[in-house]
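The block underneath contains the structure these notes are about, expressed in structure tokens.
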Amino acid sequence: MKTISSSYLGDLRISSTHLKSGNTLETDAPVDNNGKGTRFSPTDLLAAAYLNCMITIIGIYCEQNGLTFEKCEGDVEKVMIDNPRRVGKLNISLDLSSNDWNDKEKRRVQNAAKNCPVAKSVAPEIEVNIEFIYS
């Protein structure tokens with residue numbers, strides 16, 4: 001079954017529809033690659049997918065293990081490289097300071113996050129740096 005349907009809008013913009021929900025999003029090529037940079041680029045979505053997948057997996061892990069998951073704020077910096085042009089590095093920061101977990105719980109949450117499906121799907125050549133913040 002198809003998951004997403006996309007259509008070219010012109011000017012390097014694409015409209016994509018999540019078929020099950022009907023939600024849509026548009027992408028635009030970044031300024032440094034002939035676009036206007038007015039929307040997420042496809043590689044921005046890759047970076048967001050990695051960050052959001054980690055947070056989602058933390059939520060699932062906490063639900064399944066009886067941990068309270070109060071809040072998480074995250075950021076990701078995407079670094080592009082050339083030859084070939086691709087994502088070369090992701091610097092991810094997760095602020096989990098609102099959660100009252102002991103050291104063992106923190107290690108388990110971190111391990112779950114680092115093994116999210118997106119992490120297991122991206123090329124191993126992408127350098128990924130993850131910072132977990134607890135204070």
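Residues in the structure tokens are named by chain (A, B, ... in the order shown) and by number from 1 within that chain; ligands are numbered from 1 in the order shown.
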
Item to check | Every residue of chain A that DSSP places in strand (DSSP E or B), as a PyMOL selection string | outcome: chain A and resi 4-10+13-18+24-28+40+73-81+86-95+127-133

Contacts of Gly37 in chain A at 12 Å or less, counting only C-alpha atoms, minus same-chain residues fewer than 6 places along, as a short mmCIF file (atom, residue, chain, number, x, y, z; two decimals) with N, CA and C atoms, in the first residue's frame?
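Produced file part-v2.cif, reproduced below:
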```cif
data_model
loop_
_atom_site.label_atom_id
_atom_site.label_comp_id
_atom_site.auth_asym_id
_atom_site.auth_seq_id
_atom_site.Cartn_x
_atom_site.Cartn_y
_atom_site.Cartn_z
N ASP A 11 9.32 25.42 -9.90
CA ASP A 11 10.27 26.19 -9.08
C ASP A 11 10.94 25.34 -8.00
N LEU A 12 11.18 24.07 -8.28
CA LEU A 12 11.85 23.13 -7.37
C LEU A 12 11.06 22.85 -6.10
N ARG A 13 9.75 23.04 -6.16
CA ARG A 13 8.87 22.75 -5.02
C ARG A 13 8.07 21.49 -5.30
N GLU A 26 4.97 20.71 1.87
CA GLU A 26 5.69 21.08 0.66
C GLU A 26 7.16 21.21 0.97
N THR A 27 7.98 20.83 0.00
CA THR A 27 9.42 21.01 0.12
C THR A 27 9.88 22.00 -0.94
N ASP A 28 11.06 22.55 -0.69
CA ASP A 28 11.69 23.49 -1.60
C ASP A 28 13.19 23.19 -1.56
N ALA A 29 13.83 23.35 -2.69
CA ALA A 29 15.28 23.20 -2.69
C ALA A 29 15.90 24.31 -1.84
N PRO A 30 17.01 24.02 -1.15
CA PRO A 30 17.65 25.05 -0.33
C PRO A 30 18.32 26.10 -1.22
N VAL A 31 18.57 27.25 -0.64
CA VAL A 31 19.19 28.37 -1.36
C VAL A 31 20.54 27.95 -1.94
N THR A 43 16.47 17.16 2.47
CA THR A 43 17.47 16.77 3.47
C THR A 43 17.12 17.33 4.85
N ASP A 44 16.40 18.46 4.90
CA ASP A 44 15.88 18.94 6.19
C ASP A 44 14.92 17.91 6.77
#
```

Item to check | Distance criterion (only C-alpha atoms): nearest to Val79 in chain A out of A:Ala119, A:Ile58, A:Ala112, A:Leu46 | outcome: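 Once distances to Val79 in chain A are computed over only C-alpha atoms, the minimum belongs to A:Leu46.
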
Item to check | Residue neighbourhood Val87 in chain A, 12 Å, only C-alpha atoms, exclusion window fewer than 2 positions, as a PyMOL selection string | outcome: chain A and resi 41-47+77-85+89-91+122-128

Item to check | Spatial neighbours of Ser98 in chain A, max dist 8 Å, only C-alpha atoms, sep filter under 2 positions, as a list of chain:residue names | outcome: A:Glu70, A:Lys71, A:Cys72, A:Asp95, A:Leu96, A:Asp100, A:Tyr134

Would you save the residues from that selection as an mmCIF file, in the first residue's frame, using C-alpha atoms?
```cif
data_model
loop_
_atom_site.group_PDB
_atom_site.id
_atom_site.type_symbol
_atom_site.label_atom_id
_atom_site.label_comp_id
_atom_site.auth_asym_id
_atom_site.auth_seq_id
_atom_site.Cartn_x
_atom_site.Cartn_y
_atom_site.Cartn_z
ATOM 1 C CA GLU A 70 7.131 14.763 30.882
ATOM 2 C CA LYS A 71 8.843 16.749 28.169
ATOM 3 C CA CYS A 72 11.539 16.752 25.525
ATOM 4 C CA ASP A 95 16.823 18.308 26.411
ATOM 5 C CA LEU A 96 15.289 15.751 28.740
ATOM 6 C CA ASP A 100 13.045 12.565 36.747
ATOM 7 C CA TYR A 134 19.495 16.415 31.883
#
```

Would you mind listing what lies within 12 Å of Cys62 in chain A as a PDB file with N, CA, C and O atoms, in the first residue's frame, with only C-alpha atoms counted and same-chain residues fewer than 4 positions away left out?
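Listed below is the output, out.pdb:
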```pdb
ATOM      1  N   ILE A  55      12.727  10.986  19.491  1.00  0.00           N
ATOM      2  CA  ILE A  55      11.782  11.429  20.523  1.00  0.00           C
ATOM      3  C   ILE A  55      10.601  10.466  20.603  1.00  0.00           C
ATOM      4  O   ILE A  55      10.144  10.108  21.695  1.00  0.00           O
ATOM      5  N   THR A  56      10.112  10.024  19.455  1.00  0.00           N
ATOM      6  CA  THR A  56       9.002   9.071  19.427  1.00  0.00           C
ATOM      7  C   THR A  56       9.377   7.772  20.125  1.00  0.00           C
ATOM      8  O   THR A  56       8.606   7.237  20.943  1.00  0.00           O
ATOM      9  N   ILE A  57      10.563   7.267  19.832  1.00  0.00           N
ATOM     10  CA  ILE A  57      11.005   6.014  20.441  1.00  0.00           C
ATOM     11  C   ILE A  57      11.188   6.177  21.950  1.00  0.00           C
ATOM     12  O   ILE A  57      10.886   5.253  22.722  1.00  0.00           O
ATOM     13  N   ILE A  58      11.652   7.339  22.393  1.00  0.00           N
ATOM     14  CA  ILE A  58      11.733   7.596  23.839  1.00  0.00           C
ATOM     15  C   ILE A  58      10.343   7.490  24.451  1.00  0.00           C
ATOM     16  O   ILE A  58      10.152   6.860  25.493  1.00  0.00           O
ATOM     17  N   GLY A  66       6.899   1.897  31.976  1.00  0.00           N
ATOM     18  CA  GLY A  66       6.342   2.565  33.149  1.00  0.00           C
ATOM     19  C   GLY A  66       7.086   3.801  33.598  1.00  0.00           C
ATOM     20  O   GLY A  66       7.034   4.163  34.766  1.00  0.00           O
ATOM     21  N   LEU A  67       7.791   4.460  32.674  1.00  0.00           N
ATOM     22  CA  LEU A  67       8.494   5.699  33.011  1.00  0.00           C
ATOM     23  C   LEU A  67       7.647   6.904  32.623  1.00  0.00           C
ATOM     24  O   LEU A  67       7.025   6.914  31.554  1.00  0.00           O
ATOM     25  N   THR A  68       7.645   7.904  33.460  1.00  0.00           N
ATOM     26  CA  THR A  68       6.957   9.139  33.131  1.00  0.00           C
ATOM     27  C   THR A  68       7.813   9.928  32.153  1.00  0.00           C
ATOM     28  O   THR A  68       9.005  10.136  32.385  1.00  0.00           O
ATOM     29  N   PHE A  69       7.217  10.354  31.065  1.00  0.00           N
ATOM     30  CA  PHE A  69       7.907  11.152  30.043  1.00  0.00           C
ATOM     31  C   PHE A  69       7.202  12.497  29.994  1.00  0.00           C
ATOM     32  O   PHE A  69       6.179  12.660  29.357  1.00  0.00           O
ATOM     33  N   GLU A  70       7.764  13.461  30.733  1.00  0.00           N
ATOM     34  CA  GLU A  70       7.131  14.763  30.882  1.00  0.00           C
ATOM     35  C   GLU A  70       7.318  15.667  29.674  1.00  0.00           C
ATOM     36  O   GLU A  70       6.376  16.293  29.211  1.00  0.00           O
ATOM     37  N   LYS A  71       8.566  15.741  29.191  1.00  0.00           N
ATOM     38  CA  LYS A  71       8.843  16.749  28.169  1.00  0.00           C
ATOM     39  C   LYS A  71      10.174  16.429  27.500  1.00  0.00           C
ATOM     40  O   LYS A  71      11.075  15.860  28.111  1.00  0.00           O
ATOM     41  N   ASN A  99      12.516  15.417  32.997  1.00  0.00           N
ATOM     42  CA  ASN A  99      12.173  14.042  33.359  1.00  0.00           C
ATOM     43  C   ASN A  99      13.025  13.581  34.535  1.00  0.00           C
ATOM     44  O   ASN A  99      14.229  13.777  34.549  1.00  0.00           O
ATOM     45  N   ASP A 100      12.372  12.977  35.510  1.00  0.00           N
ATOM     46  CA  ASP A 100      13.045  12.565  36.747  1.00  0.00           C
ATOM     47  C   ASP A 100      13.435  11.096  36.665  1.00  0.00           C
ATOM     48  O   ASP A 100      12.797  10.228  37.274  1.00  0.00           O
ATOM     49  N   TRP A 101      14.486  10.811  35.884  1.00  0.00           N
ATOM     50  CA  TRP A 101      14.948   9.439  35.697  1.00  0.00           C
ATOM     51  C   TRP A 101      16.263   9.239  36.431  1.00  0.00           C
ATOM     52  O   TRP A 101      17.096  10.140  36.497  1.00  0.00           O
ATOM     53  N   GLU A 105      17.898   4.412  34.177  1.00  0.00           N
ATOM     54  CA  GLU A 105      16.796   4.742  33.264  1.00  0.00           C
ATOM     55  C   GLU A 105      17.283   5.649  32.132  1.00  0.00           C
ATOM     56  O   GLU A 105      16.909   5.458  30.973  1.00  0.00           O
ATOM     57  N   LYS A 106      18.131   6.615  32.458  1.00  0.00           N
ATOM     58  CA  LYS A 106      18.684   7.504  31.423  1.00  0.00           C
ATOM     59  C   LYS A 106      19.458   6.710  30.375  1.00  0.00           C
ATOM     60  O   LYS A 106      19.310   6.942  29.173  1.00  0.00           O
ATOM     61  N   ARG A 108      19.112   3.595  29.527  1.00  0.00           N
ATOM     62  CA  ARG A 108      18.181   2.784  28.733  1.00  0.00           C
ATOM     63  C   ARG A 108      17.400   3.645  27.741  1.00  0.00           C
ATOM     64  O   ARG A 108      17.189   3.232  26.594  1.00  0.00           O
ATOM     65  N   VAL A 109      16.982   4.813  28.173  1.00  0.00           N
ATOM     66  CA  VAL A 109      16.279   5.739  27.281  1.00  0.00           C
ATOM     67  C   VAL A 109      17.211   6.152  26.139  1.00  0.00           C
ATOM     68  O   VAL A 109      16.812   6.182  24.964  1.00  0.00           O
ATOM     69  N   GLN A 110      18.440   6.481  26.472  1.00  0.00           N
ATOM     70  CA  GLN A 110      19.404   6.878  25.442  1.00  0.00           C
ATOM     71  C   GLN A 110      19.655   5.752  24.443  1.00  0.00           C
ATOM     72  O   GLN A 110      19.712   5.988  23.232  1.00  0.00           O
ATOM     73  N   ALA A 112      17.621   3.318  23.643  1.00  0.00           N
ATOM     74  CA  ALA A 112      16.425   3.186  22.810  1.00  0.00           C
ATOM     75  C   ALA A 112      16.423   4.266  21.727  1.00  0.00           C
ATOM     76  O   ALA A 112      16.183   3.979  20.543  1.00  0.00           O
ATOM     77  N   ALA A 113      16.707   5.502  22.108  1.00  0.00           N
ATOM     78  CA  ALA A 113      16.704   6.609  21.154  1.00  0.00           C
ATOM     79  C   ALA A 113      17.734   6.410  20.051  1.00  0.00           C
ATOM     80  O   ALA A 113      17.451   6.628  18.867  1.00  0.00           O
TER      81      ALA A 113
END
```

Checklist entry - Hey, which of A:Ser15, A:Asn102, A:Ser121, A:Asn111 ends up closest to Arg39 in chain A? Count only C-alpha atoms. => result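 The closest residue to Arg39 in chain A is A:Ser15.
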
Checklist entry - Hey, what's within 9 Å of range 17-24 of chain A if we count only C-alpha atoms and toss same-chain stuff fewer than 5 positions away? As a PyMOL selection string, please? => result chain A and resi 2-7

Let's have the selection written as a tab-separated table (two decimals), in the first residue's frame, with C-alpha atoms.
```
chain	number	residue	atom	x	y	z
A	2	LYS	CA	1.29	3.44	-0.90
A	3	THR	CA	2.21	5.76	1.97
A	4	ILE	CA	2.94	9.13	0.34
A	5	SER	CA	2.05	10.71	-2.99
A	6	SER	CA	4.10	13.65	-4.34
A	7	SER	CA	3.59	16.16	-7.15
```

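Rounded to one decimal, CA of Asp103 in chain A and CA of Asn115 in chain A lie 18.6 Å from each other.
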
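Going from CA of Phe40 in chain A over to CA of Ile130 in chain A, you cover 21.8 Å.
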
Checklist outcome for this item: In Å and to one decimal, CA of Val118 in chain A is distant from CA of Ser135 in chain A by 26.6 Å

Item to check | All helix (DSSP H, G or I) positions in range 20-135 of chain A, as a PyMOL selection string | outcome: chain A and resi 31-33+42-64+103-114

Checklist entry - Leaving out Leu51 in chain A and any residue of its chain fewer than 5 positions from it, which residues lie within 8 Å of it when counting only C-alpha atoms, given as a list in words? => result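 Surrounding residues, per the criterion: Gly74, Asp75, Val76 and Ile92 of chain A.
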